[in-house]
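Step one of this worksheet: look at the structure below.
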Amino acid sequence: MTINSTAPGQNVGHNTGPLAGLRVLDLTRLLPGPVCTLHLADLGAEVIKIEDTGAGDYSRTMSLGASAGEDSFFFRIVNRHKRGMRLDLKQAAGVAVFLRLAREADVIVESFRPGVVDRLGVGYAAVQAINPRIVYCAITGYGQDGPWRDRAGHDINYIATAGVLDQIGNAGEAPAIPNLQIGDLLGGALTAAMGILAAVIGAKATGAGRYVDVSMTDASFAHAYTPLLSVLGRGQTMPRGTDDLTGGLPGYGLYRTQDGRYMAVGALEPKFWALFCTAIDRPDLKPFGLARDADGARTRSELEKLFASQPLGHWAALFESVDCGVTPVLEFAEAMRHPQLKARGMLPEVGGLPQFAPPFKMSGFNFTVRSPAPKVGADGTAILREAGYTPDEIGQLRNQGVI
């Protein structure tokens, strides 16, 4: 494994991704695992996406953009920068191919239910026996142990079990399902990438890899700081929509405008609340930004009436020049056009299809989209040749339906 072997203080190659030299075998599908390996690929890792010879990654045909032979938008935006091959792991020859590739890999990522890869013969023990430095990451809903390890689930189930979903929504109403998949992305993608990179650093230093067990429920639970603080401080969580940061404080909340849009008020600090009150010409409200109970309810009621008196454009223009943490609630299409996000280059295009850039910048590396998502099995022959297979052997594997 050769990851940025340049000495400290020495300049790296022009625009070299920091994970150049890292080889990843990706057995995942749908959203959590593919986004995890997308982050690795964007940073220069070689990611080989391995799909079965049947349905493969069924995100290829899910959602929009899958007509006329095109893979879906979903598949294309989370699988760029990857190479693709098909492999039947239910055949002994397919397992042999995988283990041959795994011998030279640095990372393996899988998202099957616990025990599946072991039954197939490609689990951590089998790979570690031939490659002690392997970092093997398993992404599941509930983890590799515990009474719920074998349960089916999706993002909604993981955040529900973690106590997170109960906290999302308005006071007195049902929980609101977020359109950002907290468990899948915070848990299955970012937490997995963090665990993988920590283990890779350890493997580089010691030569010994690790097994990384990622539970999307654990990850959601471990980031629920506000509910935990409420339990520690009050003995219980506040009802949905009434905690300090979900509607309990006048200085931190959403206010409906005359045209049915919303303004986000995040004026928690006294100096910002004072600027806010001055901007709306309500100096009488300055003592109550952090008020709860009757004073808080009265202040919120006053602000609700005020914001409802003018359309969003009025308030957006007013607070454009007042630096106090008050902004319009944008529709996503509006966010795509926002000058700040455009200046940060957050929506590069590949063949006319906008995609997210990595959510960070770093010196010595200017992100560009190098290649689109792979077509089904597009790189299988090349990958096998690189692994030492002859044309005749590759042809035999193809005839057997292994690839």
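All residue names refer to the structure tokens as shown: chains lettered A, B, ... in order, residues numbered from 1 in each chain, ligands numbered from 1 in order.
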Could you give me, as an mmCIF file with N, CA and C atoms, in the first residue's frame, the residues within 8 Å of A:Leu254, counting only C-alpha atoms and dropping anything in the same chain fewer than 6 positions from it?
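Printed below is part.cif as written:
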data_model
loop_
_atom_site.group_PDB
_atom_site.id
_atom_site.type_symbol
_atom_site.label_atom_id
_atom_site.label_comp_id
_atom_site.auth_asym_id
_atom_site.auth_seq_id
_atom_site.Cartn_x
_atom_site.Cartn_y
_atom_site.Cartn_z
ATOM 1 N N GLY A 247 -37.446 24.326 18.452
ATOM 2 C CA GLY A 247 -38.621 25.175 18.551
ATOM 3 C C GLY A 247 -38.891 25.733 19.928
ATOM 4 N N TYR A 262 -40.533 30.192 4.478
ATOM 5 C CA TYR A 262 -40.051 30.237 5.864
ATOM 6 C C TYR A 262 -38.697 30.913 5.952
ATOM 7 N N MET A 263 -38.486 31.578 7.067
ATOM 8 C CA MET A 263 -37.170 32.118 7.422
ATOM 9 C C MET A 263 -36.611 31.308 8.581
ATOM 10 N N ALA A 264 -35.314 31.030 8.519
ATOM 11 C CA ALA A 264 -34.620 30.307 9.579
ATOM 12 C C ALA A 264 -33.905 31.314 10.468
ATOM 13 N N VAL A 265 -34.333 31.386 11.720
ATOM 14 C CA VAL A 265 -33.741 32.322 12.682
ATOM 15 C C VAL A 265 -32.820 31.532 13.601
#
field: 8 Å contact set for stretch 141-148 of chain A, only C-alpha atoms, chain neighbours under 6 positions out, as a PyMOL selection string
entry: chain A and resi 114+154+158+213-218
Save out the residues we just selected, C-alpha atoms, as a tab-separated table (two decimals), in the first residue's frame.
chain	number	residue	atom	x	y	z
A	114	PRO	CA	-24.21	-10.53	9.06
A	154	HIS	CA	-33.94	0.90	6.20
A	158	TYR	CA	-32.38	2.83	12.14
A	213	ASP	CA	-18.02	-3.18	12.10
A	214	VAL	CA	-20.32	-0.25	11.25
A	215	SER	CA	-23.89	-0.12	12.54
A	216	MET	CA	-26.05	2.60	11.04
A	217	THR	CA	-28.16	2.56	14.20
A	218	ASP	CA	-25.08	3.00	16.39
task: One decimal, Å: what's the distance from atom CA of A:Ala291 over to atom CA of A:His223, could you say?
output: 26.2 Å
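Proximity ranking of A:Ile156, A:Ala378, A:Ile77, A:Ile196 relative to A:Leu64 places A:Ile77 first, based on only C-alpha atoms.
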message: Give me, as a ChimeraX atom specification, all polymer residues having an atom no more than 12 Å from stretch 328-335 of chain A, counting only C-alpha atoms and skipping those fewer than 5 positions away in the same chain.
response: /A:179-180,253-257,260-266,307,311-320,340-342,346-347,354
- request: Among the residues of stretch 276-373 of chain A, find those DSSP assigns to helix (DSSP H, G or I) from the backbone and print them as number ranges by chain.
  value: A: 276-279, 283-288, 293-307, 312-320, 332-336, 339-343
Keeping N, CA and C atoms for every residue in the selection just given, could you write it to a file as a short mmCIF file (atom, residue, chain, number, x, y, z; two decimals), in the first residue's frame?
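The new file out_21.cif reads:
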data_model
loop_
_atom_site.label_atom_id
_atom_site.label_comp_id
_atom_site.auth_asym_id
_atom_site.auth_seq_id
_atom_site.Cartn_x
_atom_site.Cartn_y
_atom_site.Cartn_z
N PHE A 276 -30.68 41.25 15.62
CA PHE A 276 -31.95 40.82 15.03
C PHE A 276 -33.09 41.73 15.48
N CYS A 277 -33.19 41.96 16.78
CA CYS A 277 -34.27 42.80 17.31
C CYS A 277 -34.19 44.22 16.78
N THR A 278 -32.97 44.72 16.63
CA THR A 278 -32.80 46.06 16.07
C THR A 278 -33.27 46.10 14.62
N ALA A 279 -32.92 45.04 13.85
CA ALA A 279 -33.28 45.00 12.43
C ALA A 279 -34.79 44.97 12.23
N PRO A 283 -36.94 46.46 19.81
CA PRO A 283 -35.98 46.43 20.92
C PRO A 283 -36.58 45.85 22.20
N ASP A 284 -37.92 45.87 22.30
CA ASP A 284 -38.57 45.34 23.50
C ASP A 284 -38.39 43.83 23.65
N LEU A 285 -38.00 43.16 22.56
CA LEU A 285 -37.84 41.71 22.62
C LEU A 285 -36.42 41.28 22.98
N LYS A 286 -35.51 42.21 23.13
CA LYS A 286 -34.11 41.86 23.37
C LYS A 286 -33.88 40.98 24.60
N PRO A 287 -34.65 41.10 25.69
CA PRO A 287 -34.39 40.23 26.85
C PRO A 287 -34.86 38.78 26.68
N PHE A 288 -35.53 38.45 25.55
CA PHE A 288 -36.27 37.19 25.52
C PHE A 288 -35.82 36.19 24.45
N ASP A 293 -41.10 29.04 28.40
CA ASP A 293 -42.37 29.22 29.11
C ASP A 293 -43.16 30.40 28.54
N ALA A 294 -43.77 31.19 29.41
CA ALA A 294 -44.70 32.23 28.95
C ALA A 294 -43.99 33.32 28.14
N ASP A 295 -42.82 33.78 28.62
CA ASP A 295 -42.09 34.82 27.90
C ASP A 295 -41.65 34.32 26.53
N GLY A 296 -41.20 33.08 26.49
CA GLY A 296 -40.78 32.51 25.21
C GLY A 296 -41.94 32.37 24.25
N ALA A 297 -43.08 31.89 24.76
CA ALA A 297 -44.24 31.71 23.90
C ALA A 297 -44.74 33.05 23.37
N ARG A 298 -44.73 34.07 24.22
CA ARG A 298 -45.18 35.40 23.79
C ARG A 298 -44.24 35.95 22.72
N THR A 299 -42.95 35.80 22.92
CA THR A 299 -41.97 36.32 21.96
C THR A 299 -42.12 35.60 20.62
N ARG A 300 -42.28 34.29 20.68
CA ARG A 300 -42.45 33.54 19.44
C ARG A 300 -43.73 33.99 18.72
N SER A 301 -44.80 34.21 19.47
CA SER A 301 -46.05 34.64 18.86
C SER A 301 -45.88 35.99 18.17
N GLU A 302 -45.15 36.90 18.80
CA GLU A 302 -44.89 38.20 18.20
C GLU A 302 -44.11 38.07 16.90
N LEU A 303 -43.11 37.19 16.90
CA LEU A 303 -42.31 37.00 15.70
C LEU A 303 -43.11 36.31 14.60
N GLU A 304 -43.97 35.40 14.97
CA GLU A 304 -44.82 34.74 13.97
C GLU A 304 -45.69 35.76 13.25
N LYS A 305 -46.28 36.68 14.01
CA LYS A 305 -47.12 37.70 13.39
C LYS A 305 -46.30 38.64 12.51
N LEU A 306 -45.10 38.97 12.98
CA LEU A 306 -44.25 39.89 12.22
C LEU A 306 -43.82 39.27 10.89
N PHE A 307 -43.30 38.06 10.93
CA PHE A 307 -42.83 37.43 9.70
C PHE A 307 -43.97 37.18 8.72
N LEU A 312 -41.24 36.37 1.70
CA LEU A 312 -39.86 35.94 1.93
C LEU A 312 -38.86 36.93 1.37
N GLY A 313 -39.12 37.45 0.18
CA GLY A 313 -38.18 38.37 -0.45
C GLY A 313 -37.87 39.58 0.40
N HIS A 314 -38.87 40.09 1.09
CA HIS A 314 -38.68 41.23 1.96
C HIS A 314 -37.68 40.90 3.07
N TRP A 315 -37.91 39.75 3.73
CA TRP A 315 -37.06 39.38 4.86
C TRP A 315 -35.66 38.99 4.40
N ALA A 316 -35.57 38.32 3.26
CA ALA A 316 -34.26 37.95 2.74
C ALA A 316 -33.43 39.19 2.45
N ALA A 317 -34.07 40.21 1.85
CA ALA A 317 -33.36 41.45 1.54
C ALA A 317 -32.94 42.17 2.81
N LEU A 318 -33.82 42.18 3.81
CA LEU A 318 -33.50 42.87 5.06
C LEU A 318 -32.29 42.25 5.74
N PHE A 319 -32.27 40.92 5.83
CA PHE A 319 -31.20 40.27 6.59
C PHE A 319 -29.96 39.96 5.76
N GLU A 320 -30.01 40.32 4.48
CA GLU A 320 -28.80 40.18 3.66
C GLU A 320 -27.68 41.05 4.21
N PHE A 332 -34.64 23.12 -2.61
CA PHE A 332 -33.36 22.55 -3.03
C PHE A 332 -32.90 23.10 -4.37
N ALA A 333 -33.84 23.30 -5.31
CA ALA A 333 -33.46 23.86 -6.61
C ALA A 333 -32.85 25.25 -6.45
N GLU A 334 -33.33 26.00 -5.45
CA GLU A 334 -32.75 27.32 -5.18
C GLU A 334 -31.36 27.18 -4.59
N ALA A 335 -31.18 26.20 -3.72
CA ALA A 335 -29.86 25.97 -3.14
C ALA A 335 -28.84 25.62 -4.22
N MET A 336 -29.27 24.90 -5.23
CA MET A 336 -28.38 24.54 -6.33
C MET A 336 -27.84 25.77 -7.06
N PRO A 339 -25.22 31.45 -4.76
CA PRO A 339 -23.86 31.88 -5.12
C PRO A 339 -22.76 31.32 -4.22
N GLN A 340 -23.07 31.06 -2.95
CA GLN A 340 -22.05 30.50 -2.06
C GLN A 340 -21.69 29.07 -2.48
N LEU A 341 -22.72 28.25 -2.75
CA LEU A 341 -22.46 26.87 -3.15
C LEU A 341 -21.83 26.81 -4.54
N LYS A 342 -22.21 27.75 -5.42
CA LYS A 342 -21.59 27.80 -6.74
C LYS A 342 -20.13 28.21 -6.63
N ALA A 343 -19.84 29.17 -5.76
CA ALA A 343 -18.45 29.60 -5.58
C ALA A 343 -17.59 28.48 -5.03
#
message: From a backbone DSSP assignment, name each residue in stretch 104-298 of chain A labelled strand (DSSP E or B), as a VMD selection string.
response: chain A and resid 107 to 110 135 to 140 211 to 215 252 to 256 262 to 266
Using N, CA and C atoms, can you write the selected residues to a file as a short mmCIF file (atom, residue, chain, number, x, y, z; two decimals), in the first residue's frame?
data_model
loop_
_atom_site.label_atom_id
_atom_site.label_comp_id
_atom_site.auth_asym_id
_atom_site.auth_seq_id
_atom_site.Cartn_x
_atom_site.Cartn_y
_atom_site.Cartn_z
N VAL A 107 -8.52 -2.52 0.99
CA VAL A 107 -9.80 -2.35 1.69
C VAL A 107 -10.87 -3.18 0.98
N ILE A 108 -11.74 -3.79 1.76
CA ILE A 108 -12.95 -4.42 1.24
C ILE A 108 -14.13 -3.83 2.00
N VAL A 109 -15.18 -3.48 1.27
CA VAL A 109 -16.39 -2.93 1.89
C VAL A 109 -17.57 -3.78 1.45
N GLU A 110 -18.36 -4.24 2.40
CA GLU A 110 -19.56 -5.04 2.09
C GLU A 110 -20.72 -4.57 2.95
N VAL A 135 -8.04 -4.18 5.38
CA VAL A 135 -9.06 -3.48 6.18
C VAL A 135 -10.41 -3.89 5.62
N TYR A 136 -11.18 -4.57 6.42
CA TYR A 136 -12.43 -5.18 5.96
C TYR A 136 -13.59 -4.52 6.69
N CYS A 137 -14.41 -3.75 5.97
CA CYS A 137 -15.50 -2.98 6.58
C CYS A 137 -16.85 -3.58 6.23
N ALA A 138 -17.65 -3.85 7.25
CA ALA A 138 -19.01 -4.36 7.07
C ALA A 138 -20.00 -3.29 7.54
N ILE A 139 -20.88 -2.89 6.64
CA ILE A 139 -21.90 -1.88 6.95
C ILE A 139 -23.25 -2.57 7.06
N THR A 140 -23.87 -2.51 8.23
CA THR A 140 -25.18 -3.11 8.44
C THR A 140 -26.07 -2.17 9.23
N TYR A 211 -10.83 -5.41 11.20
CA TYR A 211 -12.22 -5.58 10.82
C TYR A 211 -12.99 -4.38 11.37
N VAL A 212 -13.72 -3.68 10.51
CA VAL A 212 -14.46 -2.48 10.90
C VAL A 212 -15.95 -2.79 10.82
N ASP A 213 -16.60 -2.83 11.98
CA ASP A 213 -18.02 -3.18 12.10
C ASP A 213 -18.82 -1.89 12.27
N VAL A 214 -19.56 -1.50 11.23
CA VAL A 214 -20.32 -0.25 11.25
C VAL A 214 -21.80 -0.55 11.33
N SER A 215 -22.44 -0.04 12.38
CA SER A 215 -23.89 -0.12 12.54
C SER A 215 -24.49 1.25 12.28
N TYR A 252 -34.25 30.60 17.93
CA TYR A 252 -33.76 29.50 17.10
C TYR A 252 -34.98 28.73 16.59
N GLY A 253 -35.43 29.08 15.40
CA GLY A 253 -36.63 28.43 14.90
C GLY A 253 -36.99 28.87 13.50
N LEU A 254 -38.10 28.35 13.03
CA LEU A 254 -38.60 28.65 11.69
C LEU A 254 -39.85 29.53 11.78
N TYR A 255 -39.93 30.53 10.91
CA TYR A 255 -41.06 31.45 10.93
C TYR A 255 -41.64 31.58 9.52
N ARG A 256 -42.96 31.38 9.43
CA ARG A 256 -43.66 31.39 8.14
C ARG A 256 -43.84 32.82 7.65
N TYR A 262 -40.53 30.19 4.48
CA TYR A 262 -40.05 30.24 5.86
C TYR A 262 -38.70 30.91 5.95
N MET A 263 -38.49 31.58 7.07
CA MET A 263 -37.17 32.12 7.42
C MET A 263 -36.61 31.31 8.58
N ALA A 264 -35.31 31.03 8.52
CA ALA A 264 -34.62 30.31 9.58
C ALA A 264 -33.91 31.31 10.47
N VAL A 265 -34.33 31.39 11.72
CA VAL A 265 -33.74 32.32 12.68
C VAL A 265 -32.82 31.53 13.60
N GLY A 266 -31.53 31.84 13.52
CA GLY A 266 -30.54 31.17 14.36
C GLY A 266 -29.74 32.19 15.15
#
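Counting only C-alpha atoms and comparing A:Gly84, A:Asp155, A:Ala208, A:Ala160, the residue that lies closest to A:Asp184 is A:Asp155.
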Counting only C-alpha atoms, which residues of stretch 201-292 of chain A sit at most 9 Å from some atom of stretch 166-170 of chain A, and what is each one's closest atom pair with its distance in Å to one decimal, listed by chain and rising residue number, as CSV?
residue,atom,partner,partner_atom,distance
A:Pro227,CA,A:Gln167,CA,7.8
A:Thr237,CA,A:Gln167,CA,8.4
A:Met238,CA,A:Gln167,CA,8.4
A:Pro239,CA,A:Gln167,CA,7.4
A:Arg240,CA,A:Gln167,CA,4.8
A:Gly241,CA,A:Asn170,CA,4.5
A:Thr242,CA,A:Asn170,CA,8.0
A:Asp243,CA,A:Gln167,CA,8.7
A:Thr246,CA,A:Ile168,CA,7.9
A:Gly247,CA,A:Asn170,CA,7.8
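Here atom CA of A:Ala152 stands at a distance of 25.8 Å from atom CA of A:Phe73.
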Selection: 12 Å around A:Gly395, only C-alpha atoms, excl. self and same-chain fewer than 6 positions, as a PDB file with C-alpha atoms, in the first residue's frame:
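Final file, out-v6.pdb:
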ATOM      1  CA  GLY A 380     -13.978  -6.776 -15.806  1.00  0.00           C
ATOM      2  CA  THR A 381     -11.648  -7.974 -18.550  1.00  0.00           C
ATOM      3  CA  LEU A 384      -8.692  -9.727 -14.564  1.00  0.00           C
ATOM      4  CA  ARG A 385      -5.813  -9.172 -16.964  1.00  0.00           C
ATOM      5  CA  TYR A 389      -5.546 -14.008 -15.886  1.00  0.00           C
ATOM      6  CA  GLY A 401     -21.185 -17.283 -16.150  1.00  0.00           C
ATOM      7  CA  VAL A 402     -18.696 -16.409 -13.391  1.00  0.00           C
ATOM      8  CA  ILE A 403     -18.160 -12.900 -14.809  1.00  0.00           C
TER       9      ILE A 403
END
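With distances taken over only C-alpha atoms, A:Phe74 is the one residue among A:Ala219, A:Phe74, A:Ala199, A:Asp88 lying closest to A:Met62.
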